[in-house]
Amino acid sequence: MNTTVYLCDDSLESIFTAVYDAWASRKGHAHVRLQMNQIATMELFCEYVTVTSDTAKAESVSRSIRRKISPEAWHLVYRAAMSSEDSRAYDIYRFLIGGFYYGAPVVDMLTEPAVRRIQELNQRIANETHYHKEFLRFDATAEGILFARIRPKGNVLTMVTPHFADRLSGENFLILDVGRHIAAIHPAEKDWYLTSLSREQAEELLSQKHDEYRDLWKTFYDTIAIKERKNPLLQRNNMPLWYREFMTEFL
């Protein structure tokens with residue numbers, strides 16, 4: 001029997017829809033696979049089905065995970081879906097096979113490869129989230145809005161923003177995910193929300209002139225540096241090059 005490959009987009013709704021369709025096909029778990037749509041490699045003896053995101057199907061899968069496995073399992077799956085790994089959709093599907101069979105205890109079954117894989121994806125996305133909380137830098141626009149840019153590998157914006165919403169609750173700020181053209185917007189003293197941007201809107205934001213404090217910060221950074229104690233290797237370990245693109249002291 002040929003393998004049916006369900007191609008999904010880079011969103012939780014699309015992945016959950018693919019899970020629903022694969023399960024409902026009744027072709028057997030050994031004969032279905034989930035794959036991210038941007039992966040170009042196609043295999044012989046495989047039937048490829050492009051998944052159309054369906055909110056009702058996605059919500060059905062989401063409810064089933066919470067009720068039949070656990071809220072903890074849902075959070076594991078959510079964070080795994082936000083990772084940048086090409087295999088994340090199928091990793092989630094394999095995890096859910098065990099989850100719906102064993103129930104809540106599945107999250108601790110680290111001898112199971114599918115469970116270990118989900119935990120690994122969670123650790124990677126947690127690490128990237130932590131780095132962005134540490135290295136994100138804000139500029140102030142002429143209107144007094146705080147503006148920051150990031151280019152994360154994983155889709156960490158929803159995990160990074162609450163950190164700053166808590167600490168900057170009285171500020172109007174915007175965090176732009178440059179690669180995905182999505183932004184987290186936080187009006188002062190209100191709840192933050194996500195919005196999608198067109199390429200033109202994202203480029204307009206990126207073209208904003210920096211504020212006067214950026215030069216002051218760079219001067220301070222250069223002034224306190226001790227030439228004899230510079231250690232580029234240690235600096236790269238503590239502050240990976242990937243995160244420096246929008247860091248004030250490296251611009």
# chains A, B, ... in the order shown; residues from 1 in each chain; ligands from 1
>>> residues_around(residues="segment 96-103 of chain A", least_positions_apart="5", cutoff="12 Å", atoms="only C-alpha atoms", output="NGL selection string")
:A and (16 or 19-20 or 22-23 or 28-30 or 61-62 or 64-74 or 76-77 or 89-91 or 108-116 or 118)
>>> residues_around(residues="segment 81-87 of chain A", least_positions_apart="6", cutoff="10 Å", atoms="only C-alpha atoms", output="list in words")
Asp10, Ser11, Leu12, Glu13, Ile15, Phe16, Leu34, Gln35, Met36, Asn37, Gln38, Ile39, His75, Ile118, Leu121, Asn122, Gln123, Arg124, Ile125, Ala126, Glu128, Pro152, Lys153, Gly154, Asn155, Val156, Leu157, Thr158 and Met159 of chain A
>>> closest_residue(among="A:Pro105, A:Pro187, A:Gly179, A:Gly170", to="Arg151 of chain A", atoms="only C-alpha atoms")
A:Gly179
>>> residues_around(residues="segment 40-46 of chain A", least_positions_apart="3", cutoff="8 Å", atoms="only C-alpha atoms", output="MDAnalysis selection string")
chainID A and resid 2:5 37
>>> closest_residue(among="A:Asn127, A:Thr52, A:Thr195, A:Thr141", to="Ile182 of chain A", atoms="only C-alpha atoms")
A:Thr195
